[in-house]
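Text of data.txt (compact mmCIF, C-alpha atoms and all ligand atoms) as supplied:
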# COMPACT_ATOMS: atom_id res chain seq x y z
CA MET A 1 40.84 25.76 29.10
CA LYS A 2 37.18 24.83 29.22
CA SER A 3 36.40 21.53 30.88
CA THR A 4 35.14 19.99 27.64
CA VAL A 5 38.55 20.35 25.99
CA VAL A 6 40.30 17.00 25.81
CA GLN A 7 44.02 16.93 26.57
CA ASP A 8 44.84 13.27 26.78
CA PRO A 9 46.94 12.51 23.65
CA ALA A 10 45.42 9.08 23.03
CA ARG A 11 41.92 10.45 23.30
CA ILE A 12 42.83 13.40 21.02
CA ALA A 13 43.95 10.97 18.34
CA GLU A 14 40.78 8.92 18.74
CA ILE A 15 38.57 11.99 18.37
CA LEU A 16 40.39 13.23 15.30
CA VAL A 17 40.23 9.87 13.58
CA GLY A 18 36.59 9.63 14.54
CA LEU A 19 36.04 5.88 14.20
CA PRO A 20 34.40 3.72 16.87
CA ASN A 21 36.46 1.08 18.71
CA VAL A 22 39.67 1.90 16.92
CA ASP A 23 43.13 2.51 18.37
CA VAL A 24 45.38 4.97 16.61
CA LEU A 25 48.81 3.40 16.23
CA GLY A 26 50.56 6.41 14.70
CA VAL A 27 50.65 8.86 11.83
CA ASP A 28 53.10 9.39 8.97
CA ASP A 29 53.06 12.78 7.23
CA SER A 30 56.45 12.48 5.53
CA GLY A 31 54.94 12.12 2.03
CA PRO A 32 52.30 13.99 0.05
CA VAL A 33 49.63 11.84 1.68
CA LEU A 34 48.90 11.59 5.38
CA ASP A 35 48.90 7.98 6.61
CA VAL A 36 46.91 7.27 9.75
CA HIS A 37 47.67 3.81 11.16
CA VAL A 38 44.89 2.14 13.13
CA GLU A 39 43.80 -1.20 14.47
CA CYS A 40 40.53 -2.42 15.89
CA GLN A 41 39.98 -2.74 19.63
CA ARG A 42 38.71 -6.25 19.69
CA ALA A 43 38.70 -9.24 21.98
CA ARG A 44 39.89 -12.50 20.56
CA PRO A 45 36.95 -13.91 18.54
CA GLY A 46 35.71 -17.46 18.46
CA CYS A 47 36.02 -19.44 15.25
CA PRO A 48 32.81 -18.80 13.22
CA ALA A 49 32.65 -22.50 12.32
CA CYS A 50 33.42 -24.35 15.56
CA GLY A 51 33.51 -21.66 18.27
CA VAL A 52 37.00 -22.42 19.58
CA MET A 53 38.94 -19.25 20.56
CA ALA A 54 40.91 -18.11 17.53
CA HIS A 55 44.70 -17.63 17.35
CA LEU A 56 46.23 -14.50 15.84
CA LYS A 57 48.00 -15.53 12.63
CA ASP A 58 49.35 -12.15 11.55
CA GLN A 59 48.41 -8.51 10.99
CA ARG A 60 48.64 -6.88 7.57
CA PRO A 61 48.22 -3.19 6.74
CA VAL A 62 45.48 -2.31 4.23
CA SER A 63 45.57 1.23 2.88
CA LEU A 64 42.13 2.82 2.42
CA VAL A 65 41.38 6.14 0.76
CA ASP A 66 39.80 8.38 3.38
CA LEU A 67 38.43 11.91 3.51
CA PRO A 68 41.13 14.60 3.33
CA CYS A 69 42.42 15.59 6.74
CA PHE A 70 43.24 19.27 7.35
CA GLY A 71 43.59 19.81 3.61
CA LYS A 72 45.83 16.84 2.97
CA PRO A 73 44.83 13.67 1.09
CA THR A 74 44.63 10.96 3.69
CA ARG A 75 44.91 7.18 3.88
CA LEU A 76 43.60 5.12 6.72
CA VAL A 77 46.08 2.28 7.11
CA TRP A 78 44.13 -0.45 8.80
CA HIS A 79 46.28 -3.13 10.37
CA LYS A 80 43.90 -5.97 9.79
CA ARG A 81 44.27 -9.08 11.90
CA ARG A 82 44.16 -12.48 10.35
CA TRP A 83 42.81 -15.16 12.65
CA LYS A 84 43.34 -18.87 12.55
CA CYS A 85 41.30 -21.68 14.04
CA PRO A 86 43.56 -23.70 16.38
CA ASP A 87 41.64 -26.88 15.61
CA GLY A 88 43.54 -28.48 12.73
CA ASP A 89 40.45 -30.45 11.66
CA CYS A 90 38.24 -27.34 11.38
CA PRO A 91 37.40 -26.50 7.74
CA ASN A 92 37.40 -22.78 8.52
CA GLY A 93 41.21 -22.33 8.49
CA THR A 94 42.03 -18.60 8.51
CA TRP A 95 39.95 -15.44 8.11
CA THR A 96 40.50 -11.70 8.11
CA GLU A 97 38.69 -9.34 10.45
CA GLU A 98 36.04 -7.09 8.93
CA ASP A 99 34.28 -3.98 10.18
CA PRO A 100 31.77 -2.31 7.85
CA ARG A 101 31.92 0.82 10.02
CA ILE A 102 35.48 1.29 8.79
CA ALA A 103 35.12 0.06 5.22
CA ALA A 104 32.99 -2.25 3.09
CA SER A 105 35.01 -5.39 2.48
CA ARG A 106 35.46 -5.06 -1.30
CA LEU A 107 36.14 -1.33 -1.50
CA ALA A 108 39.47 0.46 -1.34
CA MET A 109 37.87 3.45 0.35
CA THR A 110 36.63 3.99 3.87
CA ASP A 111 32.90 3.82 4.53
CA ARG A 112 32.61 7.53 5.27
CA GLY A 113 34.66 8.29 2.15
CA GLY A 114 32.32 6.14 0.04
CA ARG A 115 29.22 7.95 1.27
CA TRP A 116 30.81 11.34 0.74
CA VAL A 117 31.92 10.65 -2.85
CA THR A 118 28.46 9.28 -3.66
CA GLU A 119 26.88 12.57 -2.65
CA GLN A 120 29.50 14.67 -4.44
CA VAL A 121 29.09 12.78 -7.70
CA GLY A 122 25.41 11.86 -7.48
CA ARG A 123 23.87 14.96 -5.97
CA CYS A 124 26.25 17.72 -6.99
CA ALA A 125 27.07 16.11 -10.38
CA ARG A 126 30.81 16.56 -9.87
CA SER A 127 33.00 14.38 -12.07
CA ILE A 128 34.69 11.26 -10.75
CA ASN A 129 37.97 12.63 -12.02
CA GLU A 130 37.66 15.83 -10.03
CA ILE A 131 36.93 13.90 -6.83
CA ALA A 132 39.79 11.47 -7.48
CA ILE A 133 42.20 14.40 -7.74
CA GLU A 134 40.87 15.88 -4.50
CA LEU A 135 41.31 12.59 -2.66
CA GLY A 136 44.63 11.79 -4.34
CA CYS A 137 43.48 8.42 -5.63
CA ASP A 138 42.60 6.79 -8.93
CA TRP A 139 39.36 7.01 -10.88
CA HIS A 140 38.29 3.42 -10.22
CA THR A 141 38.49 3.75 -6.44
CA VAL A 142 35.99 6.61 -6.53
CA ASN A 143 33.80 5.04 -9.20
CA ASP A 144 33.55 1.69 -7.41
CA ALA A 145 32.38 3.46 -4.26
CA VAL A 146 29.81 5.59 -6.11
CA ILE A 147 28.38 2.48 -7.74
CA ALA A 148 28.29 0.47 -4.48
CA TYR A 149 26.61 3.15 -2.35
CA GLY A 150 24.71 4.83 -5.18
CA GLU A 151 23.09 1.64 -6.43
CA ALA A 152 21.87 0.83 -2.91
CA LEU A 153 20.35 4.30 -2.70
CA VAL A 154 18.63 4.35 -6.10
CA ASP A 155 17.34 0.81 -5.74
CA HIS A 156 15.75 1.59 -2.38
CA PRO A 157 12.13 0.38 -2.62
CA ASP A 158 10.73 3.69 -1.33
CA ARG A 159 12.30 5.82 -4.04
CA PHE A 160 9.01 5.95 -5.92
CA GLY A 161 5.48 4.75 -5.29
CA LEU A 162 2.42 4.70 -7.52
CA VAL A 163 2.76 6.82 -10.63
CA GLU A 164 -0.15 8.25 -12.64
CA ALA A 165 1.62 9.24 -15.83
CA VAL A 166 4.57 7.31 -17.21
CA GLY A 167 6.69 8.41 -20.13
CA LEU A 168 9.14 6.47 -22.28
CA ASP A 169 11.85 8.35 -24.10
CA GLU A 170 14.90 7.25 -26.04
CA VAL A 171 18.18 8.89 -25.15
CA LEU A 172 21.51 8.73 -26.87
CA MET A 173 23.76 7.36 -24.15
CA VAL A 174 27.17 7.43 -25.73
CA ARG A 175 29.02 7.10 -29.02
CA VAL A 176 31.56 4.32 -28.95
CA GLY A 177 34.41 3.10 -31.11
CA PRO A 178 36.21 4.59 -34.08
CA PHE A 179 32.94 4.92 -36.04
CA HIS A 180 31.08 6.55 -33.15
CA ARG A 181 28.46 3.83 -33.06
CA GLN A 182 25.49 5.20 -31.16
CA GLU A 183 24.33 3.43 -28.03
CA PHE A 184 20.81 4.25 -26.94
CA SER A 185 18.97 3.85 -23.70
CA THR A 186 15.33 4.24 -22.76
CA GLN A 187 14.40 6.33 -19.82
CA ILE A 188 11.27 5.71 -17.84
CA VAL A 189 9.92 8.88 -16.26
CA ASP A 190 7.17 9.90 -13.88
CA VAL A 191 5.88 12.63 -16.15
CA GLY A 192 3.84 14.30 -13.42
CA ALA A 193 6.62 14.55 -10.88
CA GLY A 194 9.47 14.98 -13.37
CA GLN A 195 11.27 12.09 -11.71
CA LEU A 196 13.47 9.65 -13.56
CA LEU A 197 12.19 6.23 -12.50
CA ASP A 198 14.76 4.12 -14.27
CA VAL A 199 16.99 3.71 -17.29
CA VAL A 200 17.13 0.53 -19.35
CA PRO A 201 19.49 -0.36 -22.21
CA GLY A 202 18.50 0.04 -25.87
CA ARG A 203 15.47 1.63 -27.48
CA SER A 204 13.47 -1.44 -28.36
CA GLY A 205 10.39 -2.50 -26.45
CA ALA A 206 11.80 -5.57 -24.69
CA GLN A 207 13.53 -3.87 -21.76
CA PRO A 208 10.78 -1.35 -20.91
CA MET A 209 8.31 -4.20 -21.10
CA ALA A 210 10.30 -6.29 -18.62
CA TRP A 211 10.67 -3.27 -16.34
CA LEU A 212 6.91 -2.64 -16.27
CA ALA A 213 6.33 -6.33 -15.60
CA ARG A 214 8.64 -6.13 -12.55
CA GLN A 215 6.59 -3.30 -11.02
CA GLY A 216 3.65 -5.64 -10.45
CA PRO A 217 -0.05 -5.46 -11.38
CA THR A 218 -1.09 -2.94 -8.71
CA TRP A 219 1.50 -0.46 -9.82
CA ARG A 220 0.59 -0.91 -13.49
CA LEU A 221 -3.10 -0.40 -12.79
CA GLY A 222 -2.29 2.93 -11.15
CA VAL A 223 -0.89 4.33 -14.39
CA ARG A 224 -3.61 6.35 -16.12
CA HIS A 225 -1.58 8.09 -18.81
CA ALA A 226 1.36 6.87 -20.82
CA THR A 227 3.32 9.34 -22.90
CA LEU A 228 5.60 8.47 -25.76
CA ASP A 229 7.35 9.84 -28.80
CA LEU A 230 5.93 8.77 -32.16
CA SER A 231 7.56 5.37 -31.99
CA GLY A 232 5.98 2.02 -32.70
CA PRO A 233 7.98 -0.05 -30.18
CA TYR A 234 6.95 2.09 -27.20
CA ARG A 235 3.30 2.09 -28.33
CA ARG A 236 3.43 -1.70 -28.30
CA VAL A 237 5.00 -1.73 -24.82
CA PHE A 238 2.10 0.32 -23.47
CA ASN A 239 -0.58 -1.58 -25.38
CA VAL A 240 0.67 -4.85 -23.91
CA MET A 241 1.65 -3.80 -20.39
CA LEU A 242 -0.73 -0.90 -19.65
CA PRO A 243 -3.84 -1.71 -21.70
CA ASP A 244 -6.04 0.60 -19.61
CA ALA A 245 -3.80 3.65 -19.78
CA VAL A 246 -4.56 6.47 -22.22
CA LEU A 247 -1.69 6.91 -24.69
CA VAL A 248 -0.52 10.47 -25.15
CA ALA A 249 1.82 11.56 -27.93
CA ASP A 250 4.29 13.96 -26.46
CA PRO A 251 3.89 17.45 -28.00
CA PHE A 252 7.64 18.01 -28.01
CA HIS A 253 8.15 15.05 -30.35
CA VAL A 254 5.17 15.93 -32.57
CA VAL A 255 6.54 19.42 -33.18
CA LYS A 256 10.03 18.03 -33.56
CA LEU A 257 8.82 15.66 -36.31
CA ALA A 258 7.24 18.59 -38.19
CA ASN A 259 10.53 20.48 -37.95
CA THR A 260 12.50 17.44 -39.12
CA LYS A 261 10.25 17.07 -42.18
CA LEU A 262 10.57 20.78 -42.91
CA ASP A 263 14.33 20.45 -42.77
CA GLU A 264 14.32 17.40 -45.05
CA CYS A 265 12.24 19.32 -47.55
CA ARG A 266 14.55 22.34 -47.42
CA ARG A 267 17.60 20.18 -48.10
CA ARG A 268 15.93 18.30 -50.96
CA VAL A 269 14.69 21.48 -52.69
CA GLN A 270 18.11 23.05 -52.21
CA ASN A 271 19.76 20.07 -53.85
CA GLU A 272 17.28 20.08 -56.74
CA THR A 273 17.53 23.82 -57.42
CA VAL A 274 21.26 24.50 -56.95
CA GLY A 275 22.59 20.94 -57.36
CA HIS A 276 24.63 20.71 -54.17
CA ARG A 277 24.30 20.59 -50.42
CA GLY A 278 23.82 23.80 -48.49
CA ARG A 279 26.47 26.50 -48.78
CA LYS A 280 26.63 29.75 -46.92
CA SER A 281 25.43 31.77 -49.92
CA ASP A 282 22.39 29.60 -50.73
CA PRO A 283 19.10 31.25 -49.79
CA LEU A 284 17.56 28.09 -48.35
CA TYR A 285 20.66 27.32 -46.33
CA ARG A 286 20.55 30.85 -44.95
CA ALA A 287 16.89 30.36 -44.09
CA ARG A 288 17.39 27.12 -42.14
CA ARG A 289 17.27 28.61 -38.65
CA LEU A 290 14.50 31.08 -39.43
CA LEU A 291 12.39 28.22 -40.77
CA THR A 292 12.41 26.10 -37.64
CA ARG A 293 12.02 29.00 -35.24
CA ALA A 294 8.51 29.49 -33.84
CA THR A 295 6.73 32.16 -35.86
CA GLU A 296 5.91 34.31 -32.83
CA ARG A 297 9.60 34.41 -32.03
CA LEU A 298 10.48 35.90 -35.43
CA SER A 299 11.04 39.63 -35.53
CA ILE A 300 9.49 41.66 -38.35
CA GLU A 301 12.91 41.79 -40.02
CA GLY A 302 13.32 38.04 -39.55
CA ARG A 303 9.98 37.38 -41.14
CA GLU A 304 10.79 39.63 -44.11
CA LYS A 305 14.15 37.99 -44.51
CA LEU A 306 12.53 34.54 -44.48
CA THR A 307 9.96 35.59 -47.11
CA GLY A 308 12.74 36.95 -49.31
CA LEU A 309 14.91 33.86 -48.97
CA LEU A 310 11.99 31.58 -49.81
CA ARG A 311 11.13 33.68 -52.85
CA ALA A 312 14.71 33.26 -54.05
CA GLY A 313 15.21 29.60 -53.26
CA ASP A 314 11.83 27.86 -53.24
CA PRO A 315 10.37 28.17 -56.78
CA ARG A 316 7.58 25.60 -56.30
CA HIS A 317 6.66 26.81 -52.78
CA GLU A 318 7.42 23.41 -51.32
CA VAL A 319 9.45 24.70 -48.39
CA ALA A 320 6.82 27.34 -47.74
CA THR A 321 4.15 24.63 -47.67
CA MET A 322 6.17 22.65 -45.14
CA TRP A 323 6.71 25.77 -43.07
CA GLU A 324 2.96 26.33 -42.94
CA ALA A 325 2.44 22.66 -42.04
CA LYS A 326 4.89 23.00 -39.16
CA GLU A 327 3.13 26.10 -37.88
CA ALA A 328 -0.23 24.33 -38.18
CA VAL A 329 1.11 21.47 -36.08
CA ARG A 330 2.25 23.94 -33.44
CA GLU A 331 -1.12 25.66 -33.51
CA LEU A 332 -2.72 22.35 -32.60
CA TYR A 333 -1.52 22.92 -29.06
CA SER A 334 -3.18 26.29 -28.75
CA HIS A 335 -6.59 24.60 -28.87
CA ALA A 336 -7.96 23.92 -25.43
CA ASP A 337 -10.63 21.46 -26.46
CA ALA A 338 -9.76 17.83 -27.24
CA ASP A 339 -12.54 17.37 -29.83
CA VAL A 340 -11.45 20.50 -31.67
CA ALA A 341 -7.86 19.26 -31.55
CA LEU A 342 -8.84 15.86 -32.96
CA ALA A 343 -10.82 17.49 -35.77
CA TRP A 344 -7.87 19.81 -36.44
CA VAL A 345 -5.23 17.09 -36.61
CA THR A 346 -7.48 14.86 -38.74
CA GLN A 347 -8.11 17.68 -41.21
CA LEU A 348 -4.45 18.70 -41.26
CA GLY A 349 -3.22 15.11 -41.68
CA GLY A 350 -5.66 14.64 -44.59
CA ASP A 351 -4.80 17.94 -46.29
CA LEU A 352 -1.08 17.23 -46.12
CA GLN A 353 -1.58 13.98 -48.02
CA ASP A 354 -2.84 15.85 -51.08
CA PRO A 355 -0.90 14.67 -54.16
CA ASP A 356 0.16 18.28 -54.84
CA CYS A 357 1.96 18.48 -51.50
CA PRO A 358 5.70 17.87 -51.25
CA ILE A 359 6.68 14.31 -50.35
CA GLU A 360 7.74 15.37 -46.83
CA ALA A 361 4.30 16.87 -46.17
CA ARG A 362 2.58 13.66 -47.26
CA SER A 363 4.80 11.65 -44.94
CA LEU A 364 4.02 14.03 -42.05
CA GLY A 365 0.31 13.80 -42.87
CA ARG A 366 0.36 10.00 -42.73
CA THR A 367 2.07 10.05 -39.32
CA LEU A 368 -0.38 12.62 -37.96
CA ILE A 369 -3.33 10.48 -39.03
CA ARG A 370 -1.77 7.31 -37.61
CA TRP A 371 -1.25 9.03 -34.23
CA ARG A 372 -4.22 11.42 -34.24
CA HIS A 373 -5.91 9.95 -31.17
CA GLU A 374 -2.71 9.93 -29.13
CA ILE A 375 -1.96 13.48 -30.29
CA ALA A 376 -5.42 14.75 -29.33
CA ALA A 377 -5.27 12.83 -26.03
CA TRP A 378 -2.80 15.39 -24.77
CA HIS A 379 -5.67 17.88 -24.65
CA HIS A 380 -7.53 15.59 -22.26
CA SER A 381 -4.63 14.75 -20.00
CA HIS A 382 -2.37 17.76 -20.25
CA VAL A 383 0.48 15.52 -19.27
CA SER A 384 3.43 15.88 -21.55
CA ASN A 385 6.99 14.88 -21.81
CA GLY A 386 7.87 18.37 -20.68
CA PRO A 387 9.23 16.94 -17.44
CA THR A 388 10.93 14.20 -19.45
CA GLU A 389 12.80 16.86 -21.35
CA ALA A 390 13.77 18.47 -18.06
CA VAL A 391 15.09 15.12 -16.88
CA ASN A 392 16.96 14.78 -20.17
CA ASN A 393 18.65 18.08 -19.60
CA LEU A 394 19.75 16.98 -16.14
CA ILE A 395 21.20 13.81 -17.59
CA LYS A 396 23.04 15.80 -20.25
CA ARG A 397 24.73 17.62 -17.41
CA VAL A 398 25.74 14.32 -15.86
CA LYS A 399 27.05 13.13 -19.23
CA ARG A 400 29.12 16.27 -19.63
CA ALA A 401 30.58 15.72 -16.18
CA ALA A 402 31.44 12.15 -17.13
CA PHE A 403 32.63 12.76 -20.71
CA GLY A 404 30.41 9.94 -21.90
CA PHE A 405 29.74 6.66 -20.21
CA ARG A 406 31.30 3.36 -21.05
CA SER A 407 29.38 1.16 -18.72
CA PHE A 408 25.63 1.00 -18.60
CA ARG A 409 25.70 0.34 -14.87
CA ASN A 410 27.64 3.58 -14.29
CA TYR A 411 25.28 5.47 -16.53
CA ARG A 412 22.18 4.14 -14.82
CA VAL A 413 23.33 4.75 -11.27
CA ARG A 414 24.60 8.23 -11.94
CA SER A 415 21.54 9.29 -13.95
CA LEU A 416 19.25 8.05 -11.17
CA LEU A 417 21.30 9.66 -8.42
CA TYR A 418 21.01 12.97 -10.19
CA ALA A 419 17.53 12.89 -11.76
CA GLY A 420 15.81 10.04 -9.90
CA LYS A 421 15.13 11.99 -6.70
CA PRO A 422 16.67 9.50 -4.26
CA ASP A 423 16.08 10.19 -0.59
CA TRP A 424 19.48 11.55 0.40
CA SER A 425 18.63 11.32 4.07
CA LEU A 426 18.94 7.55 3.66
CA LEU A 427 22.54 7.75 2.48
CA ALA A 428 23.98 7.49 5.98
CA ALA A 429 22.11 4.25 6.69
CA ILE A 430 22.19 2.21 3.47
CA THR A 431 24.35 -0.88 3.04
CA PRO A 432 26.57 -0.65 -0.05
CA HIS A 433 26.02 -3.25 -2.78
ZN ZN B 501 37.21 -23.68 13.88

If you took the structure in this file and wrote it as structure tokens, what would it be?
Ligand SMILES: [Zn+2]
Amino acid sequence: MKSTVVQDPARIAEILVGLPNVDVLGVDDSGPVLDVHVECQRARPGCPACGVMAHLKDQRPVSLVDLPCFGKPTRLVWHKRRWKCPDGDCPNGTWTEEDPRIAASRLAMTDRGGRWVTEQVGRCARSINEIAIELGCDWHTVNDAVIAYGEALVDHPDRFGLVEAVGLDEVLMVRVGPFHRQEFSTQIVDVGAGQLLDVVPGRSGAQPMAWLARQGPTWRLGVRHATLDLSGPYRRVFNVMLPDAVLVADPFHVVKLANTKLDECRRRVQNETVGHRGRKSDPLYRARRLLTRATERLSIEGREKLTGLLRAGDPRHEVATMWEAKEAVRELYSHADADVALAWVTQLGGDLQDPDCPIEARSLGRTLIRWRHEIAAWHHSHVSNGPTEAVNNLIKRVKRAAFGFRSFRNYRVRSLLYAGKPDWSLLAAITPH
């Protein structure tokens, strides 16, 4: 055999277990899980309070979930020493030995196991359940480790620096309880880099405001553009916290609002003309997908079908008016010039408020006028929530992997691990929370 091959049995065990300053006491492979018994190589310590040499009180095995060994779920059984101060007057009494290289004190998983599960769940978006099955342990053991290591990684101060364009976006986090009450969160995104900066609970302004306050004045001054959906609370957040930033209404939400109004109109006209909600045979119900599709994505047949369905189901041309309004809103983004765009949105918003227009068009017109400067500002900045939507899609993948989140802390850490671009090279060095 080559000279680098180790043959001493004690040394073989040490190498396979791979932990520093640890003696391998024995292994037990009689069950479905491999138990590896170890203890620390350690000289008798002094009492941390008074310095007198400690006495060994006892040694108790603590079973820690470890990485699988040769395809078998494995436990590291650490025979932890308990020490006692021999001085009866010392307030210190007894204490248990700790070694963060083996395991963080509060976790039921080894340190290397904790780092590995964090990467599996946070970077590869695998589910906690899947990892728990692989390691042969319960869900909480894995989850606790992902939170402890993951939070340290996502809260690392270098994860993001100055940001030029910040976006706020509300996201449905989870539906809870028998009535599926919706719980929302607000995500804060670097719109330029497509990086999730943070997630805060709720969709009111209070939490984003506090978050921006925590970033400090220098950081806030660096933000030149602030993108938002058409929501009052987020506008207020930016007006208060980033008074010098240019507000930009996110095109995705502007077009989405036009589509929502079109859909409202279709349902109302349907109800008024046939007297019930949409059924498969109703022309307007059959038109619902064709209506919201972008016109350039309609085939000639699709366009003819849409015209026919509107002729049959839209006697006062209300749905057709809303369809044209929606297309006009989309066309806004084909203008390259900001002044042209502002003139366009002002004209459109005014026209839609004509008393002859359907009620949904008038509502859309009022919103367009109220937000016209923020809408046209997109043409100056060309930032958008496009990256925000990309981040949203990443988070949806995380949510699918998790089957919905119950705890906000879980949700935040796992969203940021996956979409917050943490520096994974730091994982080996961080101290778990
Ligand atoms: Zn003592």

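Across A:Val62, A:Ala13, A:Ala49, A:Leu310, the tightest approach to ligand ZN 501 (chain B) is made by A:Ala49 when counting all atoms listed in the file.
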
### Query
Nearest to A:Pro201: which of A:Asp229, A:Asp144, A:Asp169, A:Glu272 is it, counting all atoms listed in the file?
A:Asp169

### Message
As a quick test: using all atoms listed in the file, which residues lie no more than 8 Å away from ligand ZN 501 (chain B)? Give them as a PyMOL selection string.
### Response
chain A and resi 46-52+54+84-87+89-93

### Task
Could you please determine the separation between atom CA of A:Val255 and atom CA of A:Leu368 in Å, to one decimal place?
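One can read the atom CA of A:Val255 to atom CA of A:Leu368 distance as 10.8 Å.
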
### Query
atom CA of A:Arg409 to atom CA of A:Lys396: how many Å, to one decimal?
16.6 Å

### Summary
atom CA of A:Gln7 sits from atom CA of A:Val24 at a separation of 15.6 Å

### Query
If you count all atoms listed in the file, which residues fall within 9 Å of A:Glu119, apart from same-chain ones fewer than 6 positions away, as JSON, numbers by chain?
{"A": [125, 146, 150, 417, 424, 427]}

The centre and edge lengths of an axis-aligned box containing all atoms of stretch 244-258 of chain A present in the file, extended by 8 Å on each side, are to be given in Å to one decimal, as AutoDock Vina command-line options.
--center_x 2.0 --center_y 10.0 --center_z -28.9 --size_x 32.1 --size_y 34.8 --size_z 34.6

### Task
Go through A:Val154, A:Val77, A:Val5, A:Met53 and flag the residue nearest A:Asp28, using all atoms listed in the file for the distances.
A:Val77

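Residue nearest A:Ala148 within the list A:Arg81, A:Arg106, A:Lys421, A:His433: A:His433 [criterion: smallest interatomic distance, only C-alpha atoms].
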
### Best match for closeness to A:Gln215 among A:Leu67, A:Leu197, A:Ile300, A:Ala104, counting all atoms listed in the file
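Selected residue with least distance to A:Gln215: A:Leu197.
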
Reconstructed stretch 177-193 of chain A, atom set N, CA and C atoms, as a PDB file, keeping the file's coordinate frame:
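See selection.pdb below for the written result:
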ATOM      1  N   GLY A 177      33.597   3.666 -30.054  1.00  0.00           N
ATOM      2  CA  GLY A 177      34.410   3.100 -31.110  1.00  0.00           C
ATOM      3  C   GLY A 177      34.816   4.107 -32.160  1.00  0.00           C
ATOM      4  N   PRO A 178      35.676   3.672 -33.076  1.00  0.00           N
ATOM      5  CA  PRO A 178      36.210   4.590 -34.080  1.00  0.00           C
ATOM      6  C   PRO A 178      35.121   5.139 -35.012  1.00  0.00           C
ATOM      7  N   PHE A 179      33.989   4.429 -35.145  1.00  0.00           N
ATOM      8  CA  PHE A 179      32.940   4.920 -36.040  1.00  0.00           C
ATOM      9  C   PHE A 179      31.810   5.594 -35.269  1.00  0.00           C
ATOM     10  N   HIS A 180      32.054   5.843 -33.995  1.00  0.00           N
ATOM     11  CA  HIS A 180      31.080   6.550 -33.150  1.00  0.00           C
ATOM     12  C   HIS A 180      29.711   5.893 -33.198  1.00  0.00           C
ATOM     13  N   ARG A 181      29.724   4.565 -33.095  1.00  0.00           N
ATOM     14  CA  ARG A 181      28.460   3.830 -33.060  1.00  0.00           C
ATOM     15  C   ARG A 181      27.622   4.367 -31.901  1.00  0.00           C
ATOM     16  N   GLN A 182      26.343   4.609 -32.186  1.00  0.00           N
ATOM     17  CA  GLN A 182      25.490   5.200 -31.160  1.00  0.00           C
ATOM     18  C   GLN A 182      24.890   4.118 -30.278  1.00  0.00           C
ATOM     19  N   GLU A 183      24.971   4.336 -28.988  1.00  0.00           N
ATOM     20  CA  GLU A 183      24.330   3.430 -28.030  1.00  0.00           C
ATOM     21  C   GLU A 183      23.168   4.178 -27.400  1.00  0.00           C
ATOM     22  N   PHE A 184      21.991   3.579 -27.477  1.00  0.00           N
ATOM     23  CA  PHE A 184      20.810   4.250 -26.940  1.00  0.00           C
ATOM     24  C   PHE A 184      20.364   3.611 -25.632  1.00  0.00           C
ATOM     25  N   SER A 185      19.621   4.396 -24.880  1.00  0.00           N
ATOM     26  CA  SER A 185      18.970   3.850 -23.700  1.00  0.00           C
ATOM     27  C   SER A 185      17.543   4.389 -23.700  1.00  0.00           C
ATOM     28  N   THR A 186      16.695   3.750 -22.912  1.00  0.00           N
ATOM     29  CA  THR A 186      15.330   4.240 -22.760  1.00  0.00           C
ATOM     30  C   THR A 186      15.157   4.702 -21.337  1.00  0.00           C
ATOM     31  N   GLN A 187      14.662   5.911 -21.177  1.00  0.00           N
ATOM     32  CA  GLN A 187      14.400   6.330 -19.820  1.00  0.00           C
ATOM     33  C   GLN A 187      12.911   6.288 -19.527  1.00  0.00           C
ATOM     34  N   ILE A 188      12.638   5.880 -18.307  1.00  0.00           N
ATOM     35  CA  ILE A 188      11.270   5.710 -17.840  1.00  0.00           C
ATOM     36  C   ILE A 188      11.045   6.797 -16.797  1.00  0.00           C
ATOM     37  N   VAL A 189      10.054   7.650 -17.050  1.00  0.00           N
ATOM     38  CA  VAL A 189       9.920   8.880 -16.260  1.00  0.00           C
ATOM     39  C   VAL A 189       8.518   8.989 -15.664  1.00  0.00           C
ATOM     40  N   ASP A 190       8.437   9.458 -14.435  1.00  0.00           N
ATOM     41  CA  ASP A 190       7.170   9.900 -13.880  1.00  0.00           C
ATOM     42  C   ASP A 190       6.942  11.303 -14.437  1.00  0.00           C
ATOM     43  N   VAL A 191       6.044  11.388 -15.413  1.00  0.00           N
ATOM     44  CA  VAL A 191       5.880  12.630 -16.150  1.00  0.00           C
ATOM     45  C   VAL A 191       5.283  13.727 -15.262  1.00  0.00           C
ATOM     46  N   GLY A 192       4.442  13.312 -14.307  1.00  0.00           N
ATOM     47  CA  GLY A 192       3.840  14.300 -13.420  1.00  0.00           C
ATOM     48  C   GLY A 192       4.851  14.917 -12.481  1.00  0.00           C
ATOM     49  N   ALA A 193       5.686  14.082 -11.899  1.00  0.00           N
ATOM     50  CA  ALA A 193       6.620  14.550 -10.880  1.00  0.00           C
ATOM     51  C   ALA A 193       7.967  14.979 -11.479  1.00  0.00           C
TER      52      ALA A 193
END
